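Reviewing the structure listed below.
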Amino acid sequence: MYTLVNRIATSMETIIREGSPKTPFVRLDGEKGVVEIKGRSIPENSVEFYKPIIDWLEKFGEAPSEETNVNIQLEYFNTSSSKCILDIFKRLELIHKKGNPVEINWYYEEDDEDMFEAGEDYQSIINIPFKMIEMEE
Amino acid sequence: MAFDLKNWYLEKKQGDIILEYNGGITPELISEALESIENSLNMKNEKNRVRKKVYNVFVESLQNLYHHVDLPPSTAPVEQSSNFGIIILSKDGTFYRISTGNFVKKEKLNYIKDRIDQVNSLSDEEVRMLYRDILNNDEFSEKGGGGLGMLDIVRKTGNKLEYYFYQFDDEYIFFSLDVYIS
């Protein structure tokens, strides 16, 4: 039994993707329970970009860390990314509901009403503790 | 009177031109265009809040074109590229204007018109609510945005979309769209 649990725990690879002019920096760390997305997200084909992240979260959901911290710090994103981001939150919501707490930190620059409102959109749809964090310029 | 692309250009090129492009709308072009406006002095001197809004709406407008444009009519005085579109970003007084133009088949006119009229008829609060509704429905259009593009532009700019349809020939319409950011 021990070896089996151990195997599941170690099978969760950490994914780090560097940012590009159209895609954000992504860090998915199963061991520490950290999901991080930073930068801008404006690819033409968002579904393709986000699929590995969704797949990772699905696997992570089978054996999540005790707690998961999610940091979203986007400069801006296109509408095709907006649905993928919601998809990520829905996967995290399942994990949270099953009893492994998830917390989302949504970062926005102090004068960025668009990013603030985008945070509010997700907050209104998703049932996970959702912190809006204002950053000074 | 026949539609004259030159006159259209003249009208849209009022103010300081930050970027002007006509040709095939591809992912590479979108990257280049964005990089180019990021490097423009107008944008560099702009308030952070406005600058981000311009980038965001500019990308959304270009990607709208990318996902929807068709081959132009063979008689049109433009590059025969399979996804031909025009985009002009200018600063006109206190406004930034993003003008796009592309040829569409006549039968698409009503669909586009209804779509824009609907978005334009909504209050700010209605725009927000509809955006959330569409965001949260599971349908995902193959083209990506799931119908959020126009809505997002209106929401971010707080301004109505200005559109014109010019008859080009029996088959094609020239669709012109102006978006203002202040």
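A note on labels: chains of the structure tokens are A, B, ... as shown, every chain counts residues from 1, and ligands are counted from 1 in their shown order.
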Pull out every residue of chain B that has at least one atom within 7 Å of chain A, counting only C-alpha atoms, and report them as a VMD selection string.
chain B and resid 27 49 56 60 63 132 135 144 to 145 148 to 149 156
Written file, previous selection with N, CA and C atoms, as a CSV table (one decimal), in the first residue's frame:
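Writing the result to result.csv gives the following:
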```
chain,number,residue,atom,x,y,z
B,27,PRO,N,-1.3,34.3,-37.3
B,27,PRO,CA,-0.8,34.4,-35.9
B,27,PRO,C,0.5,35.2,-35.9
B,49,ARG,N,-3.1,51.9,-17.6
B,49,ARG,CA,-4.5,51.4,-17.7
B,49,ARG,C,-5.0,51.5,-19.2
B,56,ASN,N,-5.1,44.9,-25.4
B,56,ASN,CA,-6.1,43.9,-25.3
B,56,ASN,C,-7.2,43.9,-26.4
B,60,GLU,N,-7.8,41.4,-29.6
B,60,GLU,CA,-9.1,40.8,-29.7
B,60,GLU,C,-9.7,41.1,-31.1
B,63,GLN,N,-7.8,39.1,-33.7
B,63,GLN,CA,-8.1,37.7,-33.6
B,63,GLN,C,-9.5,37.4,-34.1
B,132,ARG,N,-20.8,36.9,-18.6
B,132,ARG,CA,-20.7,35.8,-17.6
B,132,ARG,C,-21.5,34.6,-18.0
B,135,LEU,N,-19.6,32.9,-20.8
B,135,LEU,CA,-18.3,32.4,-20.3
B,135,LEU,C,-18.6,31.0,-19.6
B,144,GLY,N,-12.8,29.3,-31.1
B,144,GLY,CA,-12.1,29.7,-29.9
B,144,GLY,C,-12.9,30.5,-28.9
B,145,GLY,N,-13.4,31.7,-29.3
B,145,GLY,CA,-13.9,32.6,-28.4
B,145,GLY,C,-15.3,32.3,-27.8
B,148,LEU,N,-17.5,35.5,-27.4
B,148,LEU,CA,-17.3,36.6,-26.4
B,148,LEU,C,-16.5,37.8,-27.0
B,149,GLY,N,-16.0,37.7,-28.2
B,149,GLY,CA,-15.1,38.7,-28.7
B,149,GLY,C,-15.7,40.1,-28.8
B,156,LYS,N,-14.8,46.4,-22.5
B,156,LYS,CA,-13.5,47.0,-22.1
B,156,LYS,C,-13.5,48.5,-22.6
```
Secondary structure check, strand (DSSP E) residues of chain A, as an MDAnalysis selection string
chainID A and resid 15:17 25:29 34:41 68:77 102:109 130:135
What is the CA of Val50 in chain B to CA of Leu19 in chain B distance in Å?
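CA of Val50 in chain B sits 16.7 Å away from CA of Leu19 in chain B.
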Separation of CA of Glu162 in chain B and CA of Leu109 in chain B, in Å?
14.7 Å
Report, in Å with one decimal, the straight-line distance from CA of Asp70 in chain B to CA of Val104 in chain B.
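Interatomic distance here is 6.5 Å.
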Residues within 6 Å of range 27-37 of chain A, only C-alpha atoms, excluding chain neighbours under 3 positions, as number ranges by chain:
A: 12, 14-16, 65, 68-72
DSSP says alpha helix (DSSP H) for which residues of range 71-146 of chain B? Put them as an NGL selection string?
:B and (109-121 or 124-136)
For N, CA, C and O atoms, I'd like the residues from the last selection saved as a CSV table (one decimal), in the first residue's frame.
```csv
chain,number,residue,atom,x,y,z
B,109,LEU,N,-24.1,39.1,-43.9
B,109,LEU,CA,-24.4,40.5,-43.4
B,109,LEU,C,-25.4,40.5,-42.2
B,109,LEU,O,-25.2,41.1,-41.2
B,110,ASN,N,-26.5,39.8,-42.4
B,110,ASN,CA,-27.6,39.9,-41.3
B,110,ASN,C,-27.1,39.3,-40.0
B,110,ASN,O,-27.4,39.8,-39.0
B,111,TYR,N,-26.3,38.3,-40.1
B,111,TYR,CA,-25.8,37.6,-38.9
B,111,TYR,C,-24.9,38.6,-38.1
B,111,TYR,O,-25.0,38.8,-36.9
B,112,ILE,N,-24.0,39.2,-38.9
B,112,ILE,CA,-23.0,40.2,-38.2
B,112,ILE,C,-23.8,41.4,-37.7
B,112,ILE,O,-23.6,41.8,-36.5
B,113,LYS,N,-24.7,41.9,-38.5
B,113,LYS,CA,-25.4,43.1,-38.1
B,113,LYS,C,-26.3,42.8,-36.8
B,113,LYS,O,-26.2,43.6,-35.9
B,114,ASP,N,-27.0,41.7,-36.8
B,114,ASP,CA,-27.8,41.3,-35.6
B,114,ASP,C,-26.9,41.2,-34.4
B,114,ASP,O,-27.3,41.6,-33.3
B,115,ARG,N,-25.8,40.6,-34.6
B,115,ARG,CA,-24.9,40.4,-33.5
B,115,ARG,C,-24.4,41.7,-32.9
B,115,ARG,O,-24.4,41.9,-31.6
B,116,ILE,N,-24.0,42.6,-33.7
B,116,ILE,CA,-23.5,43.9,-33.2
B,116,ILE,C,-24.6,44.7,-32.6
B,116,ILE,O,-24.5,45.3,-31.6
B,117,ASP,N,-25.8,44.7,-33.3
B,117,ASP,CA,-26.9,45.5,-32.8
B,117,ASP,C,-27.3,45.0,-31.4
B,117,ASP,O,-27.6,45.8,-30.5
B,118,GLN,N,-27.3,43.7,-31.3
B,118,GLN,CA,-27.6,43.2,-29.9
B,118,GLN,C,-26.6,43.7,-28.9
B,118,GLN,O,-27.1,44.2,-27.8
B,119,VAL,N,-25.4,43.5,-29.2
B,119,VAL,CA,-24.3,43.9,-28.2
B,119,VAL,C,-24.5,45.4,-27.9
B,119,VAL,O,-24.4,45.9,-26.8
B,120,ASN,N,-24.7,46.2,-29.0
B,120,ASN,CA,-24.8,47.7,-28.8
B,120,ASN,C,-26.1,48.1,-28.0
B,120,ASN,O,-26.1,49.2,-27.5
B,121,SER,N,-27.1,47.2,-28.0
B,121,SER,CA,-28.3,47.6,-27.3
B,121,SER,C,-28.3,47.4,-25.8
B,121,SER,O,-29.2,47.8,-25.1
B,124,ASP,N,-24.3,48.6,-19.7
B,124,ASP,CA,-23.0,48.1,-19.1
B,124,ASP,C,-23.3,46.8,-18.3
B,124,ASP,O,-22.6,45.9,-18.4
B,125,GLU,N,-24.3,46.9,-17.4
B,125,GLU,CA,-24.6,45.8,-16.6
B,125,GLU,C,-25.1,44.6,-17.3
B,125,GLU,O,-24.7,43.5,-17.0
B,126,GLU,N,-25.9,44.8,-18.4
B,126,GLU,CA,-26.3,43.7,-19.2
B,126,GLU,C,-25.2,43.1,-20.0
B,126,GLU,O,-25.1,41.8,-20.1
B,127,VAL,N,-24.2,43.9,-20.4
B,127,VAL,CA,-23.0,43.4,-21.1
B,127,VAL,C,-22.3,42.4,-20.1
B,127,VAL,O,-21.9,41.3,-20.5
B,128,ARG,N,-22.1,42.9,-18.9
B,128,ARG,CA,-21.4,42.1,-17.9
B,128,ARG,C,-22.1,40.8,-17.7
B,128,ARG,O,-21.4,39.7,-17.6
B,129,MET,N,-23.4,40.8,-17.5
B,129,MET,CA,-24.2,39.6,-17.2
B,129,MET,C,-24.1,38.6,-18.4
B,129,MET,O,-24.0,37.4,-18.2
B,130,LEU,N,-24.3,39.2,-19.6
B,130,LEU,CA,-24.3,38.3,-20.8
B,130,LEU,C,-22.9,37.7,-20.9
B,130,LEU,O,-22.8,36.5,-21.2
B,131,TYR,N,-21.9,38.5,-20.7
B,131,TYR,CA,-20.5,37.9,-20.7
B,131,TYR,C,-20.3,36.8,-19.8
B,131,TYR,O,-19.8,35.7,-20.2
B,132,ARG,N,-20.8,36.9,-18.6
B,132,ARG,CA,-20.7,35.8,-17.6
B,132,ARG,C,-21.5,34.6,-18.0
B,132,ARG,O,-21.0,33.5,-17.8
B,133,ASP,N,-22.6,34.8,-18.5
B,133,ASP,CA,-23.5,33.7,-19.0
B,133,ASP,C,-22.8,32.9,-20.1
B,133,ASP,O,-22.7,31.7,-20.0
B,134,ILE,N,-22.2,33.6,-21.1
B,134,ILE,CA,-21.6,32.9,-22.2
B,134,ILE,C,-20.3,32.2,-21.7
B,134,ILE,O,-20.0,31.1,-22.1
B,135,LEU,N,-19.6,32.9,-20.8
B,135,LEU,CA,-18.3,32.4,-20.3
B,135,LEU,C,-18.6,31.0,-19.6
B,135,LEU,O,-17.9,30.1,-19.7
B,136,ASN,N,-19.7,31.0,-18.9
B,136,ASN,CA,-20.1,29.8,-18.1
B,136,ASN,C,-20.9,28.7,-18.8
B,136,ASN,O,-21.2,27.7,-18.3
```
Using only C-alpha atoms, which residues sit within 9 Å of Gln14 in chain B once same-chain residues fewer than 2 positions away are excluded, as a PyMOL selection string?
chain B and resi 9-12+16-17+90-92
Please provide as a list of chain:residue names all residues within 6 Å of Arg97 in chain B, with the sequence filter that same-chain residues fewer than 2 positions apart are discarded (counting only C-alpha atoms).
B:Leu89, B:Ser90, B:Val179, B:Tyr180
